[in-house]
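**Q** Sharing query-v2.txt (compact mmCIF, C-alpha atoms) below.
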```
# COMPACT_ATOMS: atom_id res chain seq x y z
CA MET A 1 -1.07 -28.04 -5.88
CA THR A 2 -3.74 -26.54 -3.62
CA LYS A 3 -2.84 -22.91 -2.86
CA LEU A 4 -3.67 -20.60 0.03
CA LEU A 5 -3.34 -16.81 -0.23
CA CYS A 6 -3.12 -14.71 2.92
CA LEU A 7 -3.65 -10.95 2.92
CA GLY A 8 -3.27 -9.44 6.36
CA ASP A 9 -1.33 -7.41 8.89
CA SER A 10 1.51 -7.98 11.35
CA ILE A 11 -0.22 -10.81 13.18
CA MET A 12 -0.49 -12.80 9.96
CA TRP A 13 3.05 -11.69 9.03
CA GLY A 14 4.26 -13.27 12.25
CA VAL A 15 5.09 -10.52 14.76
CA THR A 16 4.98 -12.17 18.20
CA GLY A 17 6.24 -9.31 20.38
CA PHE A 18 8.91 -6.66 20.45
CA ASP A 19 12.06 -8.09 22.02
CA ALA A 20 14.65 -10.79 21.36
CA ALA A 21 12.45 -13.35 23.11
CA HIS A 22 9.74 -12.82 20.50
CA PRO A 23 11.16 -13.37 17.00
CA ARG A 24 9.01 -13.71 13.90
CA ALA A 25 6.76 -16.75 14.14
CA ASN A 26 8.11 -19.83 12.39
CA PRO A 27 5.79 -21.06 11.06
CA THR A 28 3.45 -18.11 10.74
CA ILE A 29 -0.31 -18.54 11.19
CA PRO A 30 -0.93 -18.80 7.41
CA ASP A 31 1.98 -21.22 6.96
CA LYS A 32 0.68 -23.44 9.77
CA ILE A 33 -2.83 -23.38 8.35
CA GLY A 34 -1.39 -24.39 4.97
CA GLN A 35 0.39 -27.33 6.60
CA LEU A 36 -2.76 -28.44 8.39
CA ILE A 37 -5.07 -28.30 5.35
CA GLY A 38 -2.47 -29.44 2.81
CA ALA A 39 -2.05 -26.20 0.89
CA GLN A 40 0.94 -24.26 -0.38
CA THR A 41 0.89 -20.86 1.32
CA ASP A 42 1.50 -17.49 -0.30
CA ASN A 43 1.70 -15.11 2.67
CA ARG A 44 1.35 -11.50 1.50
CA ALA A 45 0.72 -10.07 4.98
CA VAL A 46 2.42 -6.75 5.76
CA SER A 47 3.20 -5.30 9.19
CA ALA A 48 1.46 -2.05 10.16
CA THR A 49 -1.00 -2.24 7.25
CA SER A 50 -4.77 -2.12 7.04
CA VAL A 51 -7.60 -2.66 4.58
CA ASN A 52 -7.87 0.75 2.96
CA ASP A 53 -5.45 3.19 4.53
CA GLY A 54 -2.09 4.14 3.08
CA GLY A 55 0.66 2.27 1.26
CA GLN A 56 0.71 -1.54 1.15
CA SER A 57 -2.90 -1.76 2.31
CA MET A 58 -5.09 -4.58 1.06
CA VAL A 59 -6.47 -2.23 -1.60
CA ASP A 60 -2.92 -1.56 -2.83
CA LEU A 61 -1.94 -5.24 -2.87
CA LEU A 62 -5.02 -6.59 -4.67
CA PRO A 63 -3.93 -5.51 -8.17
CA THR A 64 -0.70 -7.49 -7.70
CA VAL A 65 -2.41 -10.87 -7.28
CA ASN A 66 -4.84 -12.96 -9.33
CA LEU A 67 -7.41 -14.21 -6.85
CA ALA A 68 -8.45 -16.94 -9.29
CA ASP A 69 -5.05 -18.62 -8.84
CA TYR A 70 -5.89 -19.72 -5.29
CA ASP A 71 -8.11 -22.35 -3.70
CA TYR A 72 -8.26 -20.60 -0.33
CA ILE A 73 -8.04 -16.91 0.59
CA LEU A 74 -7.47 -15.82 4.18
CA LEU A 75 -8.07 -12.18 5.13
CA GLY A 76 -6.56 -11.18 8.48
CA TYR A 77 -7.09 -7.47 9.14
CA GLY A 78 -8.70 -5.27 11.77
CA ALA A 79 -6.11 -4.41 14.41
CA ASN A 80 -4.63 -1.49 12.46
CA ASP A 81 -7.98 -0.50 10.97
CA TRP A 82 -8.99 0.28 14.53
CA GLY A 83 -5.65 0.99 16.20
CA LEU A 84 -4.24 3.69 13.92
CA ASN A 85 -7.12 6.08 14.64
CA ARG A 86 -7.53 7.13 11.01
CA GLU A 87 -9.79 4.76 9.10
CA THR A 88 -13.52 5.46 9.35
CA LEU A 89 -16.03 2.64 9.05
CA ASP A 90 -17.07 4.01 5.66
CA ALA A 91 -13.46 3.84 4.45
CA LEU A 92 -13.18 0.30 5.78
CA LYS A 93 -16.37 -0.74 3.99
CA ALA A 94 -15.15 0.85 0.75
CA GLY A 95 -11.91 -1.14 0.90
CA LEU A 96 -13.72 -4.40 1.58
CA GLU A 97 -16.03 -3.80 -1.37
CA ILE A 98 -12.98 -3.43 -3.61
CA PHE A 99 -11.97 -6.98 -2.64
CA SER A 100 -15.46 -8.24 -3.50
CA SER A 101 -15.39 -6.49 -6.87
CA MET A 102 -11.99 -7.91 -7.76
CA TYR A 103 -12.93 -11.37 -6.49
CA THR A 104 -15.97 -11.38 -8.77
CA ALA A 105 -14.04 -9.93 -11.71
CA SER A 106 -11.36 -12.62 -11.44
CA GLY A 107 -13.90 -15.43 -11.66
CA SER A 108 -12.43 -16.92 -8.49
CA THR A 109 -14.24 -19.74 -6.71
CA ALA A 110 -11.77 -19.74 -3.84
CA TYR A 111 -12.91 -20.48 -0.29
CA VAL A 112 -12.69 -17.09 1.47
CA LEU A 113 -12.20 -16.94 5.23
CA VAL A 114 -12.48 -13.56 6.95
CA ASP A 115 -10.60 -13.85 10.24
CA LEU A 116 -11.90 -11.17 12.61
CA MET A 117 -9.39 -9.40 14.81
CA ILE A 118 -8.64 -10.66 18.30
CA GLU A 119 -9.10 -8.18 21.14
CA SER A 120 -6.50 -5.42 21.20
CA PHE A 121 -5.39 -3.42 24.24
CA ILE A 122 -3.72 -0.48 22.55
CA ASN A 123 -5.35 2.97 22.59
CA ASN A 124 -5.86 2.44 26.35
CA ALA A 125 -8.70 0.05 25.52
CA THR A 126 -10.42 -1.66 28.44
CA SER A 127 -13.10 -3.46 26.42
CA LEU A 128 -14.24 -4.10 22.86
CA ASP A 129 -16.51 -1.06 23.21
CA SER A 130 -13.67 1.37 24.04
CA PRO A 131 -13.59 4.02 21.28
CA ASN A 132 -10.39 5.01 19.51
CA LYS A 133 -9.43 8.62 18.78
CA ILE A 134 -12.04 8.93 16.01
CA GLY A 135 -14.81 7.28 18.01
CA VAL A 136 -14.71 3.79 16.46
CA THR A 137 -14.81 0.68 18.66
CA GLN A 138 -13.35 -2.76 18.07
CA ASN A 139 -16.84 -4.23 18.10
CA GLN A 140 -17.85 -1.85 15.30
CA VAL A 141 -14.83 -2.85 13.22
CA MET A 142 -15.55 -6.55 13.77
CA ASP A 143 -19.23 -6.12 12.94
CA THR A 144 -18.31 -4.28 9.74
CA PHE A 145 -16.11 -7.19 8.63
CA LYS A 146 -18.70 -9.75 9.66
CA ASP A 147 -21.65 -8.03 7.98
CA TRP A 148 -19.63 -7.68 4.78
CA ALA A 149 -18.61 -11.35 4.85
CA GLN A 150 -22.17 -12.50 5.37
CA GLU A 151 -23.48 -10.20 2.64
CA HIS A 152 -21.07 -11.70 0.12
CA GLY A 153 -21.29 -15.28 1.30
CA TYR A 154 -17.75 -15.56 2.63
CA HIS A 155 -16.83 -17.64 5.64
CA CYS A 156 -16.10 -15.69 8.82
CA TYR A 157 -14.38 -16.65 12.06
CA ASP A 158 -15.51 -14.54 15.03
CA TRP A 159 -13.36 -14.94 18.14
CA ARG A 160 -15.78 -13.05 20.36
CA SER A 161 -17.98 -16.04 21.18
CA ASP A 162 -15.01 -18.12 22.37
CA PRO A 163 -12.07 -15.71 22.73
CA ILE A 164 -8.52 -16.92 22.84
CA VAL A 165 -7.31 -13.55 24.18
CA THR A 166 -9.25 -11.90 27.00
CA PRO A 167 -8.87 -8.99 29.43
CA GLN A 168 -7.94 -11.59 32.02
CA ASN A 169 -5.16 -13.37 30.10
CA TYR A 170 -3.86 -10.87 27.52
CA LYS A 171 -0.63 -10.03 29.36
CA ALA A 172 0.35 -13.69 29.20
CA ARG A 173 -1.05 -14.30 25.70
CA LEU A 174 0.33 -11.23 23.90
CA GLY A 175 4.08 -11.08 23.41
CA ASP A 176 4.11 -7.29 23.64
CA GLY A 177 1.38 -7.16 26.27
CA CYS A 178 -1.01 -5.18 24.07
CA LEU A 179 -1.52 -6.50 20.53
CA HIS A 180 0.58 -9.32 19.05
CA PRO A 181 -0.08 -12.92 20.17
CA ASP A 182 3.01 -14.83 21.25
CA PHE A 183 4.08 -17.84 19.20
CA ASN A 184 2.14 -20.45 21.19
CA THR A 185 -1.03 -18.39 20.95
CA GLN A 186 -0.54 -17.94 17.22
CA MET A 187 -0.26 -21.68 16.78
CA GLU A 188 -3.48 -22.20 18.72
CA MET A 189 -5.13 -19.62 16.46
CA ALA A 190 -3.84 -21.44 13.38
CA GLN A 191 -5.20 -24.76 14.66
CA ARG A 192 -8.65 -23.30 15.29
CA LEU A 193 -8.79 -21.63 11.89
CA ALA A 194 -7.59 -24.77 10.11
CA ASP A 195 -10.19 -26.88 11.94
CA TYR A 196 -12.87 -24.39 10.94
CA ILE A 197 -11.79 -24.49 7.29
CA LYS A 198 -11.83 -28.29 7.24
CA SER A 199 -15.27 -28.41 8.86
CA THR A 200 -16.84 -25.92 6.44
CA ASP A 201 -15.00 -26.56 3.15
CA THR A 202 -17.35 -28.18 0.64
CA GLY A 203 -14.49 -29.08 -1.68
CA ASN A 204 -15.58 -27.04 -4.68
CA HIS A 205 -14.30 -23.76 -3.20
CA SER A 206 -17.43 -21.88 -4.07
CA HIS A 207 -19.21 -19.44 -1.82
CA PRO A 208 -20.53 -21.22 1.28
CA THR A 209 -24.17 -22.03 1.73
CA GLN A 210 -24.46 -22.86 5.42
CA PRO A 211 -21.06 -22.86 7.13
CA THR A 212 -21.36 -23.72 10.78
CA GLN A 213 -19.17 -22.68 13.65
CA PRO A 214 -20.59 -24.07 16.88
CA THR A 215 -18.73 -21.64 19.10
CA SER A 216 -19.33 -18.54 16.98
CA PRO A 217 -22.39 -16.42 16.13
CA GLU A 218 -24.65 -17.58 13.31
CA GLN A 219 -23.03 -17.70 9.88
CA PRO A 220 -24.61 -16.65 6.54
CA THR A 221 -27.31 -18.95 5.19
CA THR A 222 -28.09 -17.54 1.75
CA PRO A 223 -26.24 -19.19 -1.14
CA VAL A 224 -24.61 -16.86 -3.63
CA THR A 225 -24.66 -17.63 -7.34
CA GLN A 226 -21.20 -17.50 -8.88
CA PRO A 227 -20.93 -14.71 -11.46
CA THR A 228 -19.59 -15.19 -14.94
CA GLN A 229 -16.30 -13.56 -15.90
CA PRO A 230 -17.07 -9.92 -16.81
CA THR A 231 -15.45 -8.34 -19.81
CA GLU A 232 -14.56 -5.16 -17.99
CA GLN A 233 -13.09 -4.44 -14.57
CA PRO A 234 -15.90 -3.23 -12.27
CA SER A 235 -15.68 0.29 -11.06
CA GLN A 236 -14.19 0.60 -7.60
CA PRO A 237 -15.98 2.43 -4.79
CA THR A 238 -14.77 5.94 -4.26
CA GLN A 239 -12.40 6.15 -1.34
CA PRO A 240 -12.92 8.92 1.18
CA THR A 241 -10.51 11.79 0.80
CA THR A 242 -7.69 11.60 3.34
CA PRO A 243 -6.65 14.93 4.84
CA PRO A 244 -3.01 15.96 4.45
CA VAL A 245 -0.74 14.42 7.06
CA LYS A 246 1.79 16.57 8.89
CA LEU A 247 5.00 14.58 9.16
CA ILE A 248 7.70 14.97 11.78
CA ASP A 249 10.98 16.59 10.77
CA ASP A 250 14.27 14.80 11.42
CA ILE A 251 16.49 16.04 14.20
CA LYS A 252 19.86 17.56 13.36
CA LEU A 253 22.40 18.09 16.13
CA ASP A 254 25.32 20.50 15.97
CA ARG A 255 28.70 18.85 16.28
CA LEU A 256 31.34 20.16 18.67
CA SER A 257 33.86 22.17 16.64
CA ASP A 258 35.52 24.09 19.46
CA LEU A 259 36.41 22.52 22.80
CA PHE A 260 36.04 25.94 24.42
CA GLY A 261 32.35 25.84 23.55
CA ILE A 262 31.66 22.42 25.07
CA GLY A 263 29.15 23.60 27.69
CA THR A 264 27.10 25.57 25.18
CA ASN A 265 27.20 22.71 22.66
CA VAL A 266 25.93 20.11 25.14
CA SER A 267 23.28 22.45 26.52
CA LYS A 268 21.87 23.30 23.08
CA GLY A 269 22.00 19.67 21.96
CA THR A 270 20.15 18.58 25.08
CA ASP A 271 17.44 21.19 24.52
CA ARG A 272 16.93 20.05 20.94
CA ILE A 273 16.77 16.37 21.89
CA ILE A 274 14.30 16.91 24.73
CA SER A 275 12.08 19.03 22.50
CA LYS A 276 12.07 16.35 19.78
CA ILE A 277 11.40 13.49 22.22
CA ASN A 278 8.44 15.38 23.67
CA GLU A 279 7.14 16.02 20.16
CA LEU A 280 7.32 12.29 19.44
CA TYR A 281 5.61 11.39 22.71
CA LYS A 282 2.79 13.78 21.87
CA THR A 283 2.41 12.19 18.43
CA LEU A 284 2.40 8.67 19.89
CA GLU A 285 -0.26 9.73 22.37
CA THR A 286 -2.39 10.94 19.47
CA ILE A 287 -1.98 8.04 17.03
CA MET A 288 -1.42 5.12 19.42
CA GLY A 289 -3.21 6.18 22.59
CA THR A 290 -0.05 5.88 24.71
CA ASP A 291 0.09 7.39 28.17
CA HIS A 292 1.04 11.06 28.43
CA ARG A 293 4.80 11.45 28.88
CA THR A 294 7.22 14.38 28.91
CA VAL A 295 10.95 14.72 29.41
CA GLN A 296 12.49 17.63 31.28
CA LYS A 297 15.97 19.08 31.38
CA THR A 298 17.57 18.44 34.76
CA LEU A 299 21.13 19.77 34.41
CA THR A 300 22.47 23.29 33.94
CA SER A 301 25.67 24.02 32.08
CA PRO A 302 28.45 25.46 34.31
CA GLY A 303 29.83 27.34 31.30
CA ASN A 304 32.61 26.64 28.81
CA GLU A 305 35.68 26.74 31.02
CA LEU A 306 37.53 23.44 30.67
CA SER A 307 37.19 22.24 34.25
CA ARG A 308 36.05 19.30 36.33
CA PRO A 309 32.48 20.75 36.67
CA VAL A 310 32.23 20.92 32.87
CA ARG A 311 33.60 17.39 32.54
CA ASN A 312 31.00 16.11 35.04
CA TYR A 313 28.22 18.05 33.31
CA VAL A 314 29.06 16.49 29.94
CA LEU A 315 29.29 13.00 31.43
CA LEU A 316 25.98 13.24 33.30
CA SER A 317 24.22 14.91 30.36
CA PHE A 318 24.99 12.02 28.02
CA GLN A 319 23.98 9.49 30.66
CA ARG A 320 20.65 11.28 31.03
CA LEU A 321 20.15 11.57 27.27
CA GLN A 322 20.90 7.88 26.75
CA SER A 323 18.23 7.01 29.29
CA ASP A 324 15.71 9.41 27.72
CA VAL A 325 16.29 8.11 24.18
CA ASN A 326 16.10 4.49 25.34
CA ASP A 327 12.80 5.18 27.11
CA LEU A 328 11.46 6.52 23.80
CA ILE A 329 12.71 3.44 21.95
CA GLN A 330 11.03 1.12 24.45
CA VAL A 331 7.72 2.99 24.14
CA CYS A 332 7.93 2.72 20.34
CA ASN A 333 8.83 -0.98 20.46
CA GLY A 334 6.05 -1.65 22.94
CA ASN A 335 3.52 -0.06 20.58
CA TRP A 336 4.80 -1.88 17.45
CA ILE A 337 6.45 1.22 16.00
CA VAL A 338 9.18 -0.95 14.51
CA ASP A 339 10.76 -1.81 11.18
CA PRO A 340 7.63 -2.45 9.05
CA MET A 341 9.40 -4.86 6.71
CA SER A 342 11.16 -7.10 9.23
CA GLY A 343 9.07 -6.47 12.34
CA ASP A 344 12.33 -6.22 14.29
CA PRO A 345 12.37 -3.91 17.33
CA THR A 346 14.74 -0.95 17.44
CA PRO A 347 17.85 -1.71 19.54
CA THR A 348 18.55 0.50 22.50
CA LEU A 349 21.25 3.15 22.46
CA GLU A 350 24.66 2.79 24.10
CA LEU A 351 26.73 5.96 24.10
CA THR A 352 30.45 6.39 24.60
CA ARG A 353 31.29 7.31 28.17
CA VAL A 354 32.90 10.76 27.90
CA ASP A 355 34.81 10.74 31.16
CA ARG A 356 38.42 11.57 30.32
CA LEU A 357 39.85 14.51 32.22
CA THR A 358 41.92 15.65 29.24
CA THR A 359 39.88 17.65 26.74
CA ASP A 360 41.73 16.69 23.59
CA ARG A 361 40.81 15.52 20.11
CA TYR A 362 39.71 12.13 21.43
CA TYR A 363 37.32 13.86 23.80
CA GLN A 364 35.87 15.97 21.00
CA ASP A 365 35.47 12.94 18.71
CA ALA A 366 33.70 11.01 21.49
CA VAL A 367 31.24 13.87 22.03
CA ASN A 368 30.48 14.08 18.31
CA ALA A 369 30.12 10.31 18.02
CA ASN A 370 27.46 10.47 20.72
CA TRP A 371 25.62 13.23 18.88
CA GLY A 372 25.65 11.07 15.76
CA ALA A 373 24.36 8.00 17.60
CA ILE A 374 21.53 9.96 19.23
CA GLU A 375 20.64 11.60 15.94
CA ASN A 376 20.48 8.24 14.14
CA ALA A 377 18.40 6.58 16.88
CA ILE A 378 15.81 9.35 17.06
CA ASN A 379 15.58 9.73 13.28
CA LYS A 380 14.96 6.00 12.94
CA GLU A 381 11.95 6.33 15.25
CA ILE A 382 10.83 9.43 13.33
CA LYS A 383 10.98 7.42 10.10
CA TYR A 384 8.82 4.64 11.55
CA ILE A 385 6.31 7.07 13.07
CA ASN A 386 6.07 8.99 9.78
CA GLN A 387 5.35 5.70 7.99
CA VAL A 388 2.47 5.11 10.37
CA LEU A 389 1.23 8.68 9.85
CA LYS A 390 1.31 8.10 6.09
CA GLY A 391 -0.33 4.69 6.45
CA GLU A 392 2.61 2.81 4.97
```
Represent the structure of the file as structure tokens.

**A**
Amino acid sequence: MTKLLCLGDSIMWGVTGFDAAHPRANPTIPDKIGQLIGAQTDNRAVSATSVNDGGQSMVDLLPTVNLADYDYILLGYGANDWGLNRETLDALKAGLEIFSSMYTASGSTAYVLVDLMIESFINNATSLDSPNKIGVTQNQVMDTFKDWAQEHGYHCYDWRSDPIVTPQNYKARLGDGCLHPDFNTQMEMAQRLADYIKSTDTGNHSHPTQPTQPTSPEQPTTPVTQPTQPTEQPSQPTQPTTPPVKLIDDIKLDRLSDLFGIGTNVSKGTDRIISKINELYKTLETIMGTDHRTVQKTLTSPGNELSRPVRNYVLLSFQRLQSDVNDLIQVCNGNWIVDPMSGDPTPTLELTRVDRLTTDRYYQDAVNANWGAIENAINKEIKYINQVLKGE
């Protein structure tokens, strides 16, 4: 059975957007390519990953596969290598060279296709020359991949000469409006890539000599002699040292233990939540290039006397907090800060309406249930953001 291995990020995994209208692609791009070229697909793509940065990167996954077991290898990276604002071009090159070393060491003669990233509109990008937070552009990332592929004689598909996603159509083409192609676009991508494979595959799955892609820039022309199986694993390039990452602490909210302290409890909880949300917005602005956002406290506690003003203050405070937390969730979902394993967006928060006039045990339990729900929702986003900060 002919076998296709895919190593890539969330686009190859099948993320098509961030809401219920954009479930995981079925089939995914690699699966569809496998169907079109008659190959069994082994899709090892991982959401939120990159070539050489953090857990589950390509460098981490390579020791878990034998490249010689496959007839075709598809590499689909780039979006996170640019979008996460951490990986330098030198680090990217070092990770790519590790693939080349392991490919040679395995004795593989698989057809290798390096699929360059499509244009991304995160990090407030307006063009392929917009720099990210560390000064790297999408064009530089693409050129790094392309130069490496040509140097090693791998096939390369460059979307820039005939883009499927453009500044004019990206809002309609990308399910989340910034990064992930919707299902129909992914299927068009799969068709193009499969057609390219079929037009350039010589059948012996060795390094290409003169692959042609009429709509793309010139491909490599120098044949590469296949190496013999070495007796020792080649040394891997030294990876640049990554500075320590400061993670975000979870939020912990005090529960209401005394009804005669309700005003103080809600006021302090609100302060803590607003402070944490603003901390997360600041982090998202730094790592994802999101717009600057802040949340402000709008209500003042009337005190702790069990009265109608206190009841209204509690009710309005939770309504405001629900809206603030849900705004944060939507920003995270819209910037693919989601469950990295499933790609599923985080559901919005729906709090209990604390509107009973009687301040009894039920009232106290409802207040505490809301604190728990808010705590869980924010800590879930903190977990996902910390995973991005760690490169997982």

**Q** Find, counting only C-alpha atoms, the residue in A:Asn304, A:Thr28, A:Thr166, A:Asn123 that gets nearest to Phe183 in chain A.

**A**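 Selected residue with least distance to Phe183 in chain A: A:Thr28.
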
**Q** Which residue, A:Lys93, A:Cys156, A:Asn52, A:Ser47, has the smallest gap to Ile73 in chain A when you use only C-alpha atoms?

**A**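 Using only C-alpha atoms, the shortest distance to Ile73 in chain A belongs to A:Cys156.
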
**Q** By how many Å are CA of Ala48 in chain A and CA of Met288 in chain A apart?

**A**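 For CA of Ala48 in chain A relative to CA of Met288 in chain A, the distance reads 12.1 Å.
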
**Q** Pick out the residues sitting within 9 Å of Asn184 in chain A, and hand them over as a count of residues only; count only C-alpha atoms, and ignore anything fewer than 4 positions along from it in its own chain.

**A** 3

**Q** For a test of reading the model, state the distance in Å between CA of Tyr72 in chain A and CA of Gln35 in chain A, rounded to one decimal.

**A**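 CA of Tyr72 in chain A sits 13.0 Å away from CA of Gln35 in chain A.
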
**Q** Could you pull the residues within 8 Å of Asn265 in chain A, counting all atoms listed in the file, minus those fewer than 2 positions along the same chain, as a PDB file with C-alpha atoms, in the coordinates of the input?

**A**
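Dumped everything to result.pdb:
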```pdb
ATOM      1  CA  ASP A 254      25.320  20.500  15.970  1.00  0.00           C
ATOM      2  CA  ARG A 255      28.700  18.850  16.280  1.00  0.00           C
ATOM      3  CA  LEU A 256      31.340  20.160  18.670  1.00  0.00           C
ATOM      4  CA  GLY A 261      32.350  25.840  23.550  1.00  0.00           C
ATOM      5  CA  ILE A 262      31.660  22.420  25.070  1.00  0.00           C
ATOM      6  CA  GLY A 263      29.150  23.600  27.690  1.00  0.00           C
ATOM      7  CA  SER A 267      23.280  22.450  26.520  1.00  0.00           C
ATOM      8  CA  LYS A 268      21.870  23.300  23.080  1.00  0.00           C
ATOM      9  CA  GLY A 269      22.000  19.670  21.960  1.00  0.00           C
TER      10      GLY A 269
END
```

**Q** Skip Ser50 in chain A itself and residues of its chain fewer than 3 positions away, then list as a PyMOL selection string all residues within 12 Å of it, counting only C-alpha atoms.

**A** chain A and resi 7-12+45-47+53-61+75-88+91-92+95-96+117+141+388+390-392

**Q** Between A:His152, A:Lys146, A:Lys133, A:Arg353, single out the one closest to Glu97 in chain A, counting only C-alpha atoms.

**A**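 Smallest separation from Glu97 in chain A among the options: A:His152.
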
**Q** Which residue, A:Val310, A:Leu36, A:Leu321, A:Leu299, has the smallest gap to Arg272 in chain A when you use all atoms listed in the file?

**A**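 When distances to Arg272 in chain A are compared using all atoms listed in the file, the smallest one comes from A:Leu321.
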
**Q** What is the CA of His180 in chain A-CA of Leu89 in chain A distance in Å, reported with one decimal?

**A**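 Pair CA of His180 in chain A / CA of Leu89 in chain A returns 22.8 Å.
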
**Q** Using all atoms listed in the file, find the one residue out of A:Lys171, A:Asp31, A:Leu67, A:Asn312 that sits nearest to Met102 in chain A.

**A**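 Closest residue, counting all atoms listed in the file: A:Leu67.
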
**Q** With all atoms listed in the file counted and 10 Å as the cut-off, give the residues of range 233-339 of chain A in contact with range 363-379 of chain A, each with its shortest interatomic distance in Å and the pair that gives it, as a tab-separated table.

**A**
```
residue	atom	partner	partner_atom	distance
A:Ile248	CA	A:Asn379	CA	9.6
A:Asp249	CA	A:Asn379	CA	8.6
A:Asp250	CA	A:Asn379	CA	5.6
A:Ile251	CA	A:Glu375	CA	6.3
A:Lys252	CA	A:Glu375	CA	6.5
A:Leu253	CA	A:Trp371	CA	6.4
A:Asp254	CA	A:Trp371	CA	7.8
A:Arg255	CA	A:Asn368	CA	5.5
A:Leu256	CA	A:Asn368	CA	6.2
A:Ser257	CA	A:Gln364	CA	7.8
A:Asp258	CA	A:Gln364	CA	8.3
A:Leu259	CA	A:Gln364	CA	6.8
A:Ile262	CA	A:Gln364	CA	8.7
A:Asn265	CA	A:Val367	CA	9.7
A:Val266	CA	A:Val367	CA	8.8
A:Gly269	CA	A:Trp371	CA	8.0
A:Thr270	CA	A:Trp371	CA	9.8
A:Ile273	CA	A:Ile374	CA	8.4
A:Lys276	CA	A:Ile378	CA	8.4
A:Ile277	CA	A:Ile378	CA	8.0
A:Leu280	CA	A:Ile378	CA	9.3
A:Val314	CA	A:Val367	CA	8.6
A:Leu315	CA	A:Val367	CA	9.6
A:Phe318	CA	A:Asn370	CA	7.9
A:Leu321	CA	A:Ile374	CA	8.3
A:Gln322	CA	A:Ile374	CA	7.8
A:Val325	CA	A:Ile378	CA	7.2
A:Asn326	CA	A:Ala377	CA	9.0
A:Leu328	CA	A:Ile378	CA	8.5
A:Ile329	CA	A:Ala377	CA	8.2
```

**Q** Please list as a list in words every residue within 10 Å of Ser127 in chain A, counting only C-alpha atoms and excluding residues in the same chain fewer than 2 positions away.

**A**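 With the cut-off at 10 Å, the set is Glu119, Ser120, Phe121, Asn124, Ala125, Asp129, Ser130, Pro131, Thr137, Gln138, Asn139, Thr166 and Pro167 of chain A.
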